[in-house]
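Asks: Structure provided below as structure tokens; questions to follow.
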Amino acid sequence: MTYTIKDIADMANISTRTLRYYDQIALLKPTTISASGYRLYGEKEIDRLQQILLYRSLGLKLAQIQSILDDPTFNTLAALKEHQSNLEEEREKINQLLTTVKKTIQYTKGEINMNTAEKFEGFKKERLTENEKLYGEEIREKYGEETIEKSNKKFMNLSKADFQKMQEVEDELFEKLDQLAISQDLISQEAKEVYSLHRQWLMYSWSNYSAEAHKGLVDMYLADNRFVDYYNNRAGKNVVSILHDAIVKYAKD
């Protein structure tokens with residue numbers, strides 16, 4: 001049985017554009033091309049796509065996935081067991097978050113008492129989960145699974161004082177961004193402070209600083225509407241471009 005590119009896209013919940021790109025880079029070639037020029041896929045290609053999506057969910061880059069799948073020693077069963085283990089770990093994180101949310105609801109309704117530490121821990125987990133949902137795939141593709149897991153661990157280990165300070169640094173960053181967006185002066189003190197505050201804010205979750213990574217991050221800000229919307233909506237004006245330019249100008253190891 002063969003499937004059209006739309007059939008595959010609908011089944012896998014991905015875009016036909018993604019499938020065409022996979023064909024272009026020889027990651028997933030169709031079984032054949034019909035006389036009308038349509039890509040057609042078979043069961044073998046569906047199995048390969050499942051493996052591609054599996055490894056994408058684990059944070060591997062497409063080039064790494066292609067290398068793995070084209071390796072004749074590739075073990076599908078071992079890969080599935082590894083994926084199962086990761087999903088079970090993720091389920092545990094979600095269960096912990098659900099417990100916190102339930103307790104918060106009960107506390108809000110006056111049914112139980114909830115100490116400050118419990119509230120704070122739940123808030124960190126909620127923010128981390130939201131960031132993962134919004135940006136997890138992109139940042140894992142860009143920086144790798146290990147780097148992001150280290151960052152998440154550092155964030156979760158922040159003390160209450162450090163977390164509050166992180167919030168204050170971000171608030172100050174937006175104040176300076178507002179001034180810089182008006183002046184548009186990249187050699188001003190505000191531009192230097194925007195870079196410094198953004199770097200300081202990042203280091204509450206980054207395990208080590210890299211100017212290259214910092215520039216790469218703001219490149220992603222500029223290219224992704226989700227980041228654009230976050231910064232611009234919070235500032236009430238276009239600040240992403242000037243943030244990007246200030247980081248690129250002053251970032252150094």
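In the structure tokens, each chain is lettered A, B, ... as it comes, each chain's residues begin at 1, and ligands are numbered from 1 in order of appearance.
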Determine, counting only C-alpha atoms, which protein, DNA and RNA residues have an atom within 9 Å of an atom of Lys215 (chain A); residues of the same chain fewer than 4 positions away are not included. Present the result as a PyMOL selection string.
Replies: chain A and resi 210-211+219-220+244+247-248+251
Asks: Those selected residues, please, written with all heavy atoms and delivered as a PDB file, in the first residue's frame.
Replies:
ATOM      1  N   SER A 210      28.912  31.533  26.616  1.00  0.00           N
ATOM      2  CA  SER A 210      29.571  31.525  25.314  1.00  0.00           C
ATOM      3  C   SER A 210      29.006  32.676  24.493  1.00  0.00           C
ATOM      4  O   SER A 210      27.788  32.762  24.306  1.00  0.00           O
ATOM      5  CB  SER A 210      29.329  30.194  24.593  1.00  0.00           C
ATOM      6  OG  SER A 210      29.546  30.317  23.201  1.00  0.00           O
ATOM      7  N   ALA A 211      29.887  33.568  24.030  1.00  0.00           N
ATOM      8  CA  ALA A 211      29.426  34.683  23.206  1.00  0.00           C
ATOM      9  C   ALA A 211      28.776  34.172  21.923  1.00  0.00           C
ATOM     10  O   ALA A 211      27.763  34.717  21.465  1.00  0.00           O
ATOM     11  CB  ALA A 211      30.604  35.599  22.874  1.00  0.00           C
ATOM     12  N   ASP A 219      19.816  35.484  17.475  1.00  0.00           N
ATOM     13  CA  ASP A 219      19.476  35.230  16.066  1.00  0.00           C
ATOM     14  C   ASP A 219      18.159  34.466  15.990  1.00  0.00           C
ATOM     15  O   ASP A 219      17.310  34.733  15.135  1.00  0.00           O
ATOM     16  CB  ASP A 219      20.585  34.415  15.381  1.00  0.00           C
ATOM     17  CG  ASP A 219      21.790  35.252  14.993  1.00  0.00           C
ATOM     18  OD1 ASP A 219      21.679  36.490  14.968  1.00  0.00           O
ATOM     19  OD2 ASP A 219      22.860  34.665  14.722  1.00  0.00           O
ATOM     20  N   MET A 220      18.005  33.498  16.908  1.00  0.00           N
ATOM     21  CA  MET A 220      16.775  32.717  16.954  1.00  0.00           C
ATOM     22  C   MET A 220      15.600  33.592  17.397  1.00  0.00           C
ATOM     23  O   MET A 220      14.482  33.448  16.894  1.00  0.00           O
ATOM     24  CB  MET A 220      16.939  31.522  17.901  1.00  0.00           C
ATOM     25  CG  MET A 220      15.779  30.541  17.868  1.00  0.00           C
ATOM     26  SD  MET A 220      16.171  28.952  18.638  1.00  0.00           S
ATOM     27  CE  MET A 220      16.411  29.441  20.342  1.00  0.00           C
ATOM     28  N   HIS A 244      18.724  42.269  19.707  1.00  0.00           N
ATOM     29  CA  HIS A 244      19.609  41.456  18.887  1.00  0.00           C
ATOM     30  C   HIS A 244      20.889  42.223  18.543  1.00  0.00           C
ATOM     31  O   HIS A 244      22.005  41.719  18.711  1.00  0.00           O
ATOM     32  CB  HIS A 244      18.885  41.044  17.603  1.00  0.00           C
ATOM     33  CG  HIS A 244      19.770  40.407  16.575  1.00  0.00           C
ATOM     34  ND1 HIS A 244      20.469  41.157  15.642  1.00  0.00           N
ATOM     35  CD2 HIS A 244      20.078  39.108  16.315  1.00  0.00           C
ATOM     36  CE1 HIS A 244      21.175  40.363  14.868  1.00  0.00           C
ATOM     37  NE2 HIS A 244      20.948  39.116  15.257  1.00  0.00           N
ATOM     38  N   ILE A 247      23.297  42.738  21.559  1.00  0.00           N
ATOM     39  CA  ILE A 247      23.991  41.504  21.930  1.00  0.00           C
ATOM     40  C   ILE A 247      25.102  41.206  20.936  1.00  0.00           C
ATOM     41  O   ILE A 247      26.248  40.885  21.316  1.00  0.00           O
ATOM     42  CB  ILE A 247      23.016  40.318  22.023  1.00  0.00           C
ATOM     43  CG1 ILE A 247      21.907  40.574  23.031  1.00  0.00           C
ATOM     44  CG2 ILE A 247      23.775  39.031  22.351  1.00  0.00           C
ATOM     45  CD1 ILE A 247      22.362  40.929  24.412  1.00  0.00           C
ATOM     46  N   VAL A 248      24.786  41.306  19.638  1.00  0.00           N
ATOM     47  CA  VAL A 248      25.781  41.016  18.609  1.00  0.00           C
ATOM     48  C   VAL A 248      26.978  41.961  18.724  1.00  0.00           C
ATOM     49  O   VAL A 248      28.123  41.557  18.516  1.00  0.00           O
ATOM     50  CB  VAL A 248      25.149  41.113  17.207  1.00  0.00           C
ATOM     51  CG1 VAL A 248      26.205  41.072  16.110  1.00  0.00           C
ATOM     52  CG2 VAL A 248      24.140  39.972  17.001  1.00  0.00           C
ATOM     53  N   ALA A 251      28.621  41.125  22.748  1.00  0.00           N
ATOM     54  CA  ALA A 251      28.861  39.780  23.292  1.00  0.00           C
ATOM     55  C   ALA A 251      30.313  39.368  23.110  1.00  0.00           C
ATOM     56  O   ALA A 251      30.863  39.432  22.019  1.00  0.00           O
ATOM     57  CB  ALA A 251      27.936  38.768  22.623  1.00  0.00           C
TER      58      ALA A 251
END
Asks: Would you pick out the contacts of Trp206 (chain A) at 6 Å or less, using only C-alpha atoms, so that residues sharing its chain but fewer than 3 positions from it are not included, and give the list as a PyMOL selection string?
Replies: chain A and resi 151+202-203
Asks: Can you tell me how far CA of Ile148 (chain A) sits from CA of Asp245 (chain A), in Å to one decimal?
Replies: 24.6 Å
Asks: Work out how far CA of Ser159 (chain A) is from CA of Glu137 (chain A), in Å to one decimal.
Replies: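 CA of Ser159 (chain A) lies 27.0 Å from CA of Glu137 (chain A).
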Asks: Point out the residue among A:Met1, A:Ala223, A:Val228, A:Ile94 with the least atom-to-atom distance to Glu132 (chain A), counting only C-alpha atoms.
Replies: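 Looking only at the distances to Glu132 (chain A), the closest residue turns out to be A:Ile94.
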Asks: Hey, what's within 12 Å of Lys153 (chain A) if we count only C-alpha atoms and toss same-chain stuff fewer than 2 positions away? As a PyMOL selection string, please?
Replies: chain A and resi 124-125+128+146-151+155-158+204-207
Asks: Taking only region 34-250 of chain A into account, list the residues labelled helix (DSSP H, G or I) by DSSP (computed from the backbone), as a ChimeraX atom specification.
Replies: /A:43-57,62-69,76-108,116-143,145-156,160-183,189-202,211-223,225-235,240-250
Asks: Identify all residues of region 31-208 of chain A in strand (DSSP E or B) (DSSP on the backbone) and supply them as a list in words.
Replies: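 Reading the DSSP output for region 31-208 of chain A, strand (DSSP E or B) covers Thr32, Ile33, Arg39, Leu40 and Tyr41 of chain A.
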Asks: Generate a file of the selected residues that holds N, CA, C and O atoms, formatted as a PDB file, in the first residue's frame.
Replies:
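part24.pdb, written as the output of this step:
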ATOM      1  N   THR A  32       8.425   6.200  -4.469  1.00  0.00           N
ATOM      2  CA  THR A  32       8.418   6.480  -5.911  1.00  0.00           C
ATOM      3  C   THR A  32       7.735   7.811  -6.157  1.00  0.00           C
ATOM      4  O   THR A  32       7.124   8.392  -5.248  1.00  0.00           O
ATOM      5  N   ILE A  33       7.857   8.298  -7.361  1.00  0.00           N
ATOM      6  CA  ILE A  33       7.154   9.508  -7.788  1.00  0.00           C
ATOM      7  C   ILE A  33       6.130   9.086  -8.833  1.00  0.00           C
ATOM      8  O   ILE A  33       6.463   8.397  -9.806  1.00  0.00           O
ATOM      9  N   ARG A  39       4.751  12.570  -4.664  1.00  0.00           N
ATOM     10  CA  ARG A  39       5.564  11.667  -3.859  1.00  0.00           C
ATOM     11  C   ARG A  39       4.664  10.599  -3.244  1.00  0.00           C
ATOM     12  O   ARG A  39       3.634  10.927  -2.658  1.00  0.00           O
ATOM     13  N   LEU A  40       5.092   9.336  -3.331  1.00  0.00           N
ATOM     14  CA  LEU A  40       4.340   8.224  -2.749  1.00  0.00           C
ATOM     15  C   LEU A  40       5.243   7.462  -1.786  1.00  0.00           C
ATOM     16  O   LEU A  40       6.423   7.233  -2.072  1.00  0.00           O
ATOM     17  N   TYR A  41       4.685   7.072  -0.639  1.00  0.00           N
ATOM     18  CA  TYR A  41       5.445   6.430   0.426  1.00  0.00           C
ATOM     19  C   TYR A  41       4.851   5.063   0.757  1.00  0.00           C
ATOM     20  O   TYR A  41       3.641   4.873   0.687  1.00  0.00           O
TER      21      TYR A  41
END
Asks: Have a look at CA of Ile187 (chain A) and CA of Ile242 (chain A) and let me know their distance in Å, one decimal.
Replies: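 Answer for the CA of Ile187 (chain A) to CA of Ile242 (chain A) separation: 11.8 Å.
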